[in-house]
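Text of the file query_7.cif, holding mmCIF, C-alpha atoms:
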data_structure
loop_
_atom_site.label_atom_id
_atom_site.label_comp_id
_atom_site.auth_asym_id
_atom_site.auth_seq_id
_atom_site.Cartn_x
_atom_site.Cartn_y
_atom_site.Cartn_z
CA ILE A 14 63.16 0.28 -20.58
CA ASP A 15 64.03 -0.02 -24.27
CA PHE A 16 62.76 -2.92 -26.41
CA PRO A 17 64.90 -2.63 -29.58
CA THR A 18 64.13 -6.13 -30.83
CA LEU A 19 60.37 -5.89 -31.39
CA PRO A 20 59.83 -6.57 -35.12
CA GLY A 21 59.75 -3.30 -37.05
CA VAL A 22 59.21 -1.15 -34.00
CA ARG A 23 61.01 0.15 -30.94
CA GLY A 24 59.06 -0.25 -27.75
CA ILE A 25 59.91 2.04 -24.86
CA ILE A 26 58.65 2.00 -21.29
CA PRO A 27 59.35 5.35 -19.58
CA ARG A 28 60.77 5.08 -16.07
CA GLU A 29 57.56 6.33 -14.48
CA GLU A 30 55.61 3.63 -16.35
CA ALA A 31 57.96 0.77 -15.47
CA VAL A 32 56.35 -0.40 -12.24
CA TYR A 33 53.05 -0.06 -10.41
CA THR A 34 53.17 1.64 -7.02
CA ARG A 35 50.46 2.55 -4.57
CA PRO A 36 49.69 6.27 -4.04
CA GLY A 37 52.60 7.98 -2.31
CA GLU A 38 54.96 5.04 -2.78
CA PRO A 39 58.17 5.92 -4.68
CA VAL A 40 59.47 3.95 -7.65
CA LYS A 41 62.63 2.09 -6.63
CA ASP A 42 65.42 1.67 -9.17
CA ILE A 43 65.91 -1.96 -8.15
CA ALA A 44 62.32 -2.72 -9.16
CA ILE A 45 63.20 -1.58 -12.70
CA LEU A 46 66.73 -2.99 -12.96
CA THR A 47 65.63 -6.49 -11.96
CA ARG A 48 63.37 -6.66 -15.03
CA VAL A 49 66.19 -6.12 -17.53
CA GLY A 50 66.47 -9.17 -19.78
CA LYS A 51 63.20 -10.63 -18.53
CA ALA A 52 59.71 -10.79 -20.00
CA VAL A 53 57.27 -8.15 -18.78
CA CYS A 54 53.60 -7.38 -19.33
CA PHE A 55 52.55 -3.98 -20.66
CA LYS A 56 49.81 -1.96 -22.32
CA VAL A 57 50.37 0.15 -25.43
CA GLN A 58 49.94 3.83 -24.59
CA GLY A 59 50.71 5.38 -27.96
CA ILE A 60 52.48 5.06 -31.30
CA ASP A 61 54.86 7.74 -32.57
CA THR A 62 56.47 8.44 -35.94
CA PRO A 63 59.56 6.47 -36.99
CA ASP A 64 62.90 7.48 -35.47
CA ALA A 65 66.20 8.07 -37.28
CA GLU A 66 66.60 4.34 -37.81
CA GLY A 67 63.18 4.11 -39.41
CA LEU A 68 61.63 2.20 -36.51
CA THR A 69 58.18 3.14 -35.27
CA ILE A 70 58.22 4.15 -31.59
CA VAL A 71 55.64 2.42 -29.43
CA ARG A 72 55.12 3.86 -25.95
CA LEU A 73 54.37 1.13 -23.41
CA SER A 74 53.27 1.04 -19.80
CA ARG A 75 53.94 -1.82 -17.45
CA ARG A 76 52.43 0.22 -14.63
CA ALA A 77 49.07 0.42 -16.44
CA ALA A 78 48.94 -3.34 -16.95
CA GLN A 79 49.79 -3.97 -13.31
CA ALA A 80 47.27 -1.38 -12.10
CA GLU A 81 44.52 -3.08 -14.12
CA CYS A 82 45.52 -6.50 -12.77
CA ALA A 83 45.49 -5.14 -9.21
CA ALA A 84 42.04 -3.60 -9.70
CA VAL A 85 40.19 -6.38 -11.53
CA TYR A 86 41.90 -9.51 -10.16
CA ILE A 87 44.06 -9.11 -7.07
CA ALA A 88 41.64 -6.74 -5.32
CA ASP A 89 39.04 -9.52 -5.34
CA LEU A 90 41.28 -12.20 -3.85
CA ALA A 91 40.36 -13.46 -0.41
CA PRO A 92 41.93 -15.90 2.06
CA GLY A 93 41.32 -19.43 0.82
CA ASP A 94 41.42 -18.63 -2.91
CA VAL A 95 43.60 -20.96 -4.98
CA VAL A 96 45.93 -19.05 -7.33
CA ARG A 97 48.56 -19.79 -9.96
CA GLY A 98 51.92 -18.06 -9.76
CA ARG A 99 55.57 -18.10 -10.79
CA VAL A 100 58.48 -18.04 -8.35
CA THR A 101 60.57 -14.92 -8.99
CA HIS A 102 63.28 -15.29 -6.35
CA LEU A 103 64.09 -17.09 -3.12
CA GLU A 104 65.15 -15.78 0.27
CA SER A 105 65.89 -17.67 3.47
CA PHE A 106 62.50 -16.70 4.88
CA GLY A 107 60.40 -17.58 1.84
CA ALA A 108 59.73 -17.25 -1.88
CA PHE A 109 58.37 -14.28 -3.79
CA VAL A 110 55.70 -15.36 -6.23
CA ASP A 111 54.34 -13.40 -9.21
CA ILE A 112 50.56 -13.93 -9.12
CA GLY A 113 49.77 -11.60 -12.02
CA CYS A 114 51.52 -9.02 -14.24
CA GLY A 115 54.62 -9.00 -12.07
CA LEU A 116 52.75 -8.27 -8.83
CA CYS A 117 54.40 -10.39 -6.18
CA SER A 118 53.26 -12.03 -2.97
CA LEU A 119 55.20 -13.86 -0.27
CA LEU A 120 55.16 -17.61 0.30
CA PRO A 121 56.84 -18.13 3.72
CA VAL A 122 59.14 -21.12 4.09
CA ASP A 123 57.00 -22.61 6.88
CA ALA A 124 53.95 -22.61 4.56
CA MET A 125 55.59 -24.69 1.82
CA SER A 126 54.91 -28.12 3.31
CA VAL A 127 53.99 -29.99 6.46
CA SER A 128 57.59 -31.15 6.68
CA ARG A 129 60.03 -28.68 8.17
CA ILE A 130 62.44 -27.43 5.51
CA ARG A 131 65.47 -25.21 6.07
CA HIS A 132 65.42 -23.08 2.93
CA PRO A 133 62.90 -22.54 0.07
CA ARG A 134 65.42 -23.89 -2.46
CA GLU A 135 64.82 -27.35 -0.98
CA ARG A 136 61.28 -27.16 -2.34
CA LEU A 137 61.23 -24.54 -5.15
CA TYR A 138 63.39 -22.92 -7.82
CA ASN A 139 63.34 -19.58 -9.63
CA GLY A 140 60.94 -19.48 -12.56
CA GLN A 141 58.87 -22.43 -11.30
CA LEU A 142 55.11 -22.33 -11.86
CA ILE A 143 53.23 -23.29 -8.71
CA TRP A 144 49.77 -23.42 -7.19
CA ALA A 145 49.16 -21.72 -3.86
CA VAL A 146 46.41 -20.56 -1.54
CA VAL A 147 45.91 -17.00 -0.36
CA ARG A 148 46.62 -17.07 3.38
CA SER A 149 46.09 -13.40 4.18
CA VAL A 150 45.41 -10.08 2.46
CA ASP A 151 46.37 -6.69 3.86
CA ARG A 152 43.99 -4.27 2.14
CA ASP A 153 45.90 -1.20 3.35
CA SER A 154 49.32 -2.18 2.02
CA GLY A 155 48.15 -4.54 -0.72
CA ARG A 156 50.44 -7.28 0.59
CA ILE A 157 49.35 -10.86 0.02
CA VAL A 158 50.77 -13.86 1.87
CA LEU A 159 50.42 -17.33 0.38
CA THR A 160 50.55 -20.90 1.61
CA MET A 161 51.05 -24.07 -0.40
CA ARG A 162 51.01 -27.07 1.90
CA GLU A 163 47.21 -27.31 1.85
CA LEU A 164 47.38 -28.23 -1.84
CA LEU A 165 49.97 -30.97 -1.45
CA GLY A 166 47.63 -33.51 0.11
CA THR A 167 46.61 -34.84 3.49
CA TRP A 168 48.47 -37.59 5.33
CA THR A 169 46.00 -40.16 4.04
CA GLU A 170 46.21 -38.97 0.43
CA ASN A 171 50.01 -39.07 0.44
CA ALA A 172 50.35 -42.34 2.36
CA ALA A 173 48.07 -44.04 -0.19
CA ARG A 174 50.87 -43.69 -2.74
CA PHE A 175 53.17 -45.99 -0.73
CA GLU A 176 53.09 -49.50 0.69
CA PRO A 177 55.28 -51.59 3.00
CA GLY A 178 58.25 -53.15 1.24
CA GLN A 179 58.94 -50.22 -1.07
CA THR A 180 62.31 -48.50 -1.25
CA GLY A 181 63.01 -45.01 -2.48
CA ALA A 182 64.71 -41.70 -1.91
CA GLY A 183 64.04 -39.57 1.13
CA ILE A 184 65.31 -36.36 2.65
CA VAL A 185 66.39 -36.05 6.27
CA ARG A 186 64.35 -33.32 7.98
CA SER A 187 65.44 -33.66 11.61
CA VAL A 188 67.60 -35.94 13.73
CA GLU A 189 66.39 -36.60 17.28
CA GLU A 190 67.60 -38.87 20.06
CA TYR A 191 64.62 -41.17 19.52
CA GLY A 192 64.80 -41.29 15.72
CA THR A 193 65.32 -39.57 12.38
CA PHE A 194 62.46 -37.92 10.54
CA ILE A 195 62.74 -38.49 6.81
CA GLU A 196 60.52 -36.89 4.19
CA ILE A 197 59.39 -39.28 1.46
CA ALA A 198 56.92 -36.87 -0.21
CA PRO A 199 56.45 -33.09 0.13
CA ASN A 200 53.71 -33.54 2.76
CA LEU A 201 54.73 -36.88 4.22
CA ALA A 202 57.51 -37.99 6.55
CA GLY A 203 58.35 -41.21 8.36
CA LEU A 204 60.49 -42.11 11.33
CA ALA A 205 63.68 -44.17 11.08
CA GLU A 206 66.36 -45.13 13.59
CA SER A 207 68.40 -42.36 15.18
CA CYS A 208 71.54 -41.59 13.14
CA PRO A 209 73.70 -38.82 14.64
CA ASP A 210 75.91 -38.83 11.55
CA LEU A 211 73.03 -37.58 9.34
CA ARG A 212 72.12 -33.92 8.85
CA PRO A 213 68.91 -32.12 7.80
CA GLY A 214 68.61 -31.80 4.03
CA GLN A 215 70.69 -34.89 3.31
CA ALA A 216 69.31 -37.34 0.74
CA VAL A 217 69.12 -40.99 1.79
CA SER A 218 67.62 -44.22 0.54
CA VAL A 219 64.90 -45.76 2.74
CA TYR A 220 62.89 -48.95 3.04
CA ILE A 221 59.25 -48.65 4.16
CA LYS A 222 58.89 -51.13 7.02
CA ASN A 223 55.32 -50.37 8.04
CA ILE A 224 52.45 -47.91 7.54
CA LEU A 225 50.09 -47.28 10.47
CA PRO A 226 47.07 -45.27 9.25
CA GLU A 227 45.35 -45.25 12.64
CA LYS A 228 48.38 -43.48 14.15
CA MET A 229 49.36 -41.56 11.01
CA LYS A 230 52.85 -43.00 11.25
CA ILE A 231 55.29 -44.56 8.80
CA LYS A 232 58.21 -46.66 10.00
CA LEU A 233 61.33 -46.51 7.86
CA VAL A 234 64.70 -48.21 7.68
CA ILE A 235 67.64 -46.29 6.22
CA VAL A 236 69.26 -48.38 3.49
CA ASN A 237 71.84 -45.93 2.19
CA HIS A 238 72.97 -43.14 4.48
CA SER A 239 74.19 -40.91 1.67
CA LEU A 240 73.07 -40.70 -1.96
CA ASN A 241 75.80 -38.13 -2.62
CA GLN A 242 73.40 -35.98 -4.59
CA ARG A 243 70.83 -33.27 -4.06
CA HIS A 244 67.23 -34.34 -4.14
CA ARG A 245 64.13 -32.19 -4.59
CA PHE A 246 60.70 -33.79 -4.73
CA GLU A 247 58.48 -33.01 -7.69
CA LEU A 248 55.40 -31.25 -6.36
CA ARG A 249 52.13 -33.14 -6.68
CA TYR A 250 49.02 -31.04 -6.18
CA PHE A 251 45.78 -32.58 -4.98
CA ILE A 252 43.89 -29.28 -5.40
CA THR A 253 44.45 -26.77 -8.23
CA GLU A 254 41.32 -24.65 -8.28
CA GLY A 255 38.52 -23.15 -6.25
CA HIS A 256 38.48 -21.97 -2.66
CA LEU A 257 39.45 -23.59 0.64
CA ASP A 258 37.49 -22.78 3.78
CA ARG A 259 39.04 -25.51 5.91
CA TRP A 260 41.85 -28.01 5.62
CA VAL A 261 42.74 -30.87 7.93
CA TYR A 262 46.00 -32.73 7.45
#
Exercise: express the given structure as structure tokens:
Amino acid sequence: IDFPTLPGVRGIIPREEAVYTRPGEPVKDIAILTRVGKAVCFKVQGIDTPDAEGLTIVRLSRRAAQAECAAVYIADLAPGDVVRGRVTHLESFGAFVDIGCGLCSLLPVDAMSVSRIRHPRERLYNGQLIWAVVRSVDRDSGRIVLTMRELLGTWTENAARFEPGQTGAGIVRSVEEYGTFIEIAPNLAGLAESCPDLRPGQAVSVYIKNILPEKMKIKLVIVNHSLNQRHRFELRYFITEGHLDRWVY
């Protein structure tokens, strides 16, 4: 990877230094090509004499930076640890999250909230900074799986933000014969009347009719069946540090 725009120097990352791999694991071209035009971390490996254009050549290694991150940070992570990360890309099954120096972990779609969502894009977007919890660590492969819903609050914490008589936007999560489940916060949904004409993911306007803490239920009335716009809730974290041993919704 060539960095021709560094001031007064030309930084170059040789192919073999472009990405960290575990022993015996080959370097895939896609892992290098996907970094073109994007910021990367690296360590300076050496400085050579100026080239024909008069620019000093600086030899860089992204692999070395990632290897150090893996050894001194990621190797110590354990299930329950709260981590900071950046979403790199979304797939139907989950989001890949950079938790340090470009080393990615997987955040499955079913671990993004208590509410059932169809696709990660309904909750996240590429480049977004998020908080997550380490759900599992495979020491042999180095794979880390994350979860996020534990940080988005319990039923009680989320319900405390609302009161009967309020109106606001909601997102349809499922339509059943006995009612329609509508999300009004990332970890909170209420039940409204059954509306066969609605579909999961659709944004609607709702009126909060009642909140029943003893049953952990919220009764809603649909005011506007279609807001004709996409809606994504801003994430509100109730925990952003430390370690979780147990979580009860």
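Atom pair CA of Glu29 (chain A) / CA of Tyr86 (chain A) has a distance of 22.7 Å (rounded to one decimal).
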Figure out the distance between CA of Leu116 (chain A) and CA of Asp153 (chain A), please, to one decimal in Å.
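Going from CA of Asp153 (chain A) over to CA of Leu116 (chain A), I get 15.7 Å.
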Region 101-105 of chain A environment, 10 Å, all atoms listed in the file, sequence neighbours closer than 4 positions dropped, as number ranges by chain:
A: 109-111, 115, 117-122, 131-134, 137-142
Export C-alpha atoms of the chosen residues as a PDB file, in the frame of the given file?
ATOM      1  CA  PHE A 109      58.370 -14.280  -3.790  1.00  0.00           C
ATOM      2  CA  VAL A 110      55.700 -15.360  -6.230  1.00  0.00           C
ATOM      3  CA  ASP A 111      54.340 -13.400  -9.210  1.00  0.00           C
ATOM      4  CA  GLY A 115      54.620  -9.000 -12.070  1.00  0.00           C
ATOM      5  CA  CYS A 117      54.400 -10.390  -6.180  1.00  0.00           C
ATOM      6  CA  SER A 118      53.260 -12.030  -2.970  1.00  0.00           C
ATOM      7  CA  LEU A 119      55.200 -13.860  -0.270  1.00  0.00           C
ATOM      8  CA  LEU A 120      55.160 -17.610   0.300  1.00  0.00           C
ATOM      9  CA  PRO A 121      56.840 -18.130   3.720  1.00  0.00           C
ATOM     10  CA  VAL A 122      59.140 -21.120   4.090  1.00  0.00           C
ATOM     11  CA  ARG A 131      65.470 -25.210   6.070  1.00  0.00           C
ATOM     12  CA  HIS A 132      65.420 -23.080   2.930  1.00  0.00           C
ATOM     13  CA  PRO A 133      62.900 -22.540   0.070  1.00  0.00           C
ATOM     14  CA  ARG A 134      65.420 -23.890  -2.460  1.00  0.00           C
ATOM     15  CA  LEU A 137      61.230 -24.540  -5.150  1.00  0.00           C
ATOM     16  CA  TYR A 138      63.390 -22.920  -7.820  1.00  0.00           C
ATOM     17  CA  ASN A 139      63.340 -19.580  -9.630  1.00  0.00           C
ATOM     18  CA  GLY A 140      60.940 -19.480 -12.560  1.00  0.00           C
ATOM     19  CA  GLN A 141      58.870 -22.430 -11.300  1.00  0.00           C
ATOM     20  CA  LEU A 142      55.110 -22.330 -11.860  1.00  0.00           C
TER      21      LEU A 142
END
Skipping near chain neighbours, those fewer than 2 positions away, what residues fall within 8 Å of Trp144 (chain A) using all atoms listed in the file, listed as number ranges by chain?
A: 95-98, 142, 146, 161, 164, 250, 253
Just the number, please: distance in Å from CA of Tyr33 (chain A) to CA of Phe55 (chain A), one decimal.
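Taking CA of Tyr33 (chain A) and CA of Phe55 (chain A), their separation equals 11.0 Å.
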Leaving out Pro63 (chain A) and any residue of its chain fewer than 3 positions from it, which residues lie within 12 Å of it when counting all atoms listed in the file, given as a CSV table (one decimal) with C-alpha atoms, keeping the file's coordinate frame?
chain,number,residue,atom,x,y,z
A,21,GLY,CA,59.8,-3.3,-37.0
A,22,VAL,CA,59.2,-1.2,-34.0
A,23,ARG,CA,61.0,0.2,-30.9
A,24,GLY,CA,59.1,-0.2,-27.8
A,60,ILE,CA,52.5,5.1,-31.3
A,66,GLU,CA,66.6,4.3,-37.8
A,67,GLY,CA,63.2,4.1,-39.4
A,68,LEU,CA,61.6,2.2,-36.5
A,69,THR,CA,58.2,3.1,-35.3
A,70,ILE,CA,58.2,4.2,-31.6
A,71,VAL,CA,55.6,2.4,-29.4
Selection result of the PyMOL selection byres ((chain A and resi 155) around 10) on this file, as a PyMOL selection string:
chain A and resi 35+83+87-88+118+150-154+156-157
Expanded to explicit residues, what is the PyMOL selection byres ((chain A and resi 52) around 12) for this file, as a ChimeraX atom specification?
/A:14,16,47-51,53-55,75,101,114-115,140
Measuring atom to atom with all atoms listed in the file, identify which of A:Ile224, A:Ile184, A:Leu46, A:Ala216 is nearest to Val32 (chain A).
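That would be A:Leu46, the residue with the smallest distance to Val32 (chain A).
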For the contact check between region 116-200 of chain A and region 208-212 of chain A, emit one row per residue of region 116-200 of chain A within 7 Å, containing the shortest atom pair and the distance in Å rounded to one decimal, counting only C-alpha atoms, chain then rising number order, as a Markdown table.
| residue | atom | partner | partner_atom | distance |
| --- | --- | --- | --- | --- |
| A:Val185 | CA | A:Arg212 | CA | 6.6 |
| A:Val188 | CA | A:Pro209 | CA | 6.8 |
| A:Thr193 | CA | A:Cys208 | CA | 6.6 |
Listed atoms of region 179-184 of chain A boxed along x, y and z, 4 Å each side, centre and edge lengths in Å, one decimal, as lines of an AutoDock Vina configuration file:
center_x = 62.1
center_y = -43.3
center_z = 0.1
size_x = 14.4
size_y = 21.9
size_z = 13.1
Return the single residue from A:Phe175, A:Leu201, A:Arg136, A:Thr62 that is closest to Arg245 (chain A), with distances computed using only C-alpha atoms.
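For Arg245 (chain A), the nearest of the candidates is A:Arg136.
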Which residue is closest to Thr169 (chain A)? Choose from A:Arg243, A:His256, A:Lys56, A:Lys230 and count only C-alpha atoms.
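Closest to Thr169 (chain A) of all the choices is A:Lys230.
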Write out as a PDB file with C-alpha atoms, in the frame of the given file each polymer residue whose atoms come within 9 Å of Glu163 (chain A), counting only C-alpha atoms; drop sequence neighbours fewer than 3 positions from it.
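Saved as selection.pdb:
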ATOM      1  CA  ALA A 124      53.950 -22.610   4.560  1.00  0.00           C
ATOM      2  CA  MET A 125      55.590 -24.690   1.820  1.00  0.00           C
ATOM      3  CA  SER A 126      54.910 -28.120   3.310  1.00  0.00           C
ATOM      4  CA  VAL A 127      53.990 -29.990   6.460  1.00  0.00           C
ATOM      5  CA  ALA A 145      49.160 -21.720  -3.860  1.00  0.00           C
ATOM      6  CA  VAL A 146      46.410 -20.560  -1.540  1.00  0.00           C
ATOM      7  CA  THR A 160      50.550 -20.900   1.610  1.00  0.00           C
ATOM      8  CA  GLY A 166      47.630 -33.510   0.110  1.00  0.00           C
ATOM      9  CA  THR A 167      46.610 -34.840   3.490  1.00  0.00           C
ATOM     10  CA  PHE A 251      45.780 -32.580  -4.980  1.00  0.00           C
ATOM     11  CA  ILE A 252      43.890 -29.280  -5.400  1.00  0.00           C
ATOM     12  CA  LEU A 257      39.450 -23.590   0.640  1.00  0.00           C
ATOM     13  CA  TRP A 260      41.850 -28.010   5.620  1.00  0.00           C
ATOM     14  CA  VAL A 261      42.740 -30.870   7.930  1.00  0.00           C
ATOM     15  CA  TYR A 262      46.000 -32.730   7.450  1.00  0.00           C
TER      16      TYR A 262
END
For Gly183 (chain A), work out the shell of residues within 9 Å, counting only C-alpha atoms and skipping chain neighbours fewer than 2 positions away, then give it as a ChimeraX atom specification.
/A:181,185,195-198,202,215-219,244,246
Given only C-alpha atoms as the basis, pick out the residue of A:Pro213, A:Pro36, A:Pro92, A:Gly255 nearest to Ser128 (chain A).
A:Pro213
In terms of the shortest atom-to-atom distance over all atoms listed in the file, which of A:Ser74, A:Glu206, A:Glu227, A:Pro199 is closest to Glu247 (chain A)?
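So, comparing all the options, the nearest one is A:Pro199.
Each of A:Leu233, A:Ala31, A:Val85, A:Ala44 was compared to Leu73 (chain A) using all atoms listed in the file, and A:Ala31 turns out to be the nearest.
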